[in-house]
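Notes for the one structure printed next.
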Amino acid sequence: MKFFGQINLSSNSKKNNKSILFVCVENAGRSLMAEGFFKKYAPKGFKVQSAGTKPVSQINPIVVEAMKEVGMDISKQKSKELTDEMIRDSDNVINMGCMDKNFCPTIWLPKVIEWNLEDPKGKSIEKVREIRDEIEKRVKEVVAEITTTTQL
């Protein structure tokens with residue numbers, strides 16, 4: 001099943017490295033988890049970034065704890081603001097889901113892969129683990145498709 005048929009791996013990219021941008025509103029949870037998992041599983045030569053339309057001063061401490069449980073320390077990560085340059089430099093943009101429709105990244109981005117994942121903000125560690133595991137599963141699916149497509 002080609003769940004991620006929208007992944008853009010065309011050779012018309014100006015860059016040698018393919019890149020993926022994970023976006024959400026605050027860049028304090030889901031997109032940071034996705035960025036971490038993509039760094040872990042992606043083939044060499046791929047670049048990943050995450051950003052938000054309304055970044056916050058501190059990333060979600062429950063998310064940090066949940067990621068530590070799977071051996072990933074994202075405690076030094078910072079919430080980053082989505083820029084035109086990030087969008088321009090990304091071959092693929094994945095929106096994690098919108099908790100605030102007024103700041104939803106999909107308002108400004110034309111071609112976006114929509115994941116519609118629940119926001120971990122204010123959730124229990126058990127719920128954040130479920131969200132983390134779903135993000136890891138989806139990132140692995142993206143990486144599997146990228147790996148298959150780039151080997152053709």
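In the structure tokens, chains take letters A, B, ... by order of appearance, with residues numbered from 1 within each chain and ligands from 1 in the order shown.
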
For this session: Can you pull out every residue within 9 Å of region 59-72 of chain A, counting only C-alpha atoms, but drop anything in the same chain fewer than 5 positions away, and send it as a PyMOL selection string?
Result: chain A and resi 26-30+32-33+36-37+77-79+120-126+128-129+132

Exercise. Can you tell me, as a list in words, what residues are no more than 10 Å from Gly52 (chain A) when counting only C-alpha atoms, ignoring any on the same chain fewer than 4 positions away?
Worked result: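 Selected residues are Phe22, Val23, Cys24, Val25, Glu26, Asn27, Ala28, Ser31, Leu32, Val56, Ser79, Lys80, Glu81, Leu82, Thr83, Asn95, Phe103, Cys104 and Pro105 of chain A.
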
Keeping only C-alpha atoms, take the residues you just selected and write them out as a PDB file, in the first residue's frame.
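part.pdb written:
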ATOM      1  CA  PHE A  22       7.578  18.524   9.734  1.00  0.00           C
ATOM      2  CA  VAL A  23       5.272  21.387  10.707  1.00  0.00           C
ATOM      3  CA  CYS A  24       2.678  22.110  13.344  1.00  0.00           C
ATOM      4  CA  VAL A  25       1.532  25.126  15.290  1.00  0.00           C
ATOM      5  CA  GLU A  26       3.877  25.275  18.312  1.00  0.00           C
ATOM      6  CA  ASN A  27       6.767  22.990  17.270  1.00  0.00           C
ATOM      7  CA  ALA A  28       6.861  21.756  20.859  1.00  0.00           C
ATOM      8  CA  SER A  31       6.941  17.781  14.906  1.00  0.00           C
ATOM      9  CA  LEU A  32       9.976  17.487  17.190  1.00  0.00           C
ATOM     10  CA  VAL A  56       6.665  28.494  22.121  1.00  0.00           C
ATOM     11  CA  SER A  79      10.809  25.445  19.114  1.00  0.00           C
ATOM     12  CA  LYS A  80      11.498  27.086  15.740  1.00  0.00           C
ATOM     13  CA  GLU A  81       9.397  29.460  13.666  1.00  0.00           C
ATOM     14  CA  LEU A  82       8.381  28.326  10.190  1.00  0.00           C
ATOM     15  CA  THR A  83      10.103  30.483   7.567  1.00  0.00           C
ATOM     16  CA  ASN A  95       1.713  18.750   8.717  1.00  0.00           C
ATOM     17  CA  PHE A 103      -2.302  29.306  12.898  1.00  0.00           C
ATOM     18  CA  CYS A 104      -2.549  26.043  10.974  1.00  0.00           C
ATOM     19  CA  PRO A 105       0.450  25.656   8.615  1.00  0.00           C
TER      20      PRO A 105
END

Seminar exercise, completed: In terms of only C-alpha atoms, the residue from A:Lys39, A:Lys76, A:Arg88, A:Lys137 at minimal distance from Lys111 (chain A) is A:Arg88

For this session: Pick out each residue of region 12-144 of chain A that DSSP on the backbone tags as strand (DSSP E or B); I need them as a ChimeraX atom specification.
Result: /A:18-24,46-52,81,92-95,113-114

Problem set entry | Between CA of Ile113 (chain A) and CA of Ile146 (chain A) - distance in Å to one decimal | 14.4 Å

Problem set entry | Among the residues A:Val139, A:Asp119, A:Glu134, A:Ala144, the one that comes closest to Ala34 (chain A) [using only C-alpha atoms] |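 Among A:Val139, A:Asp119, A:Glu134, A:Ala144, it is A:Val139 that comes nearest to Ala34 (chain A).
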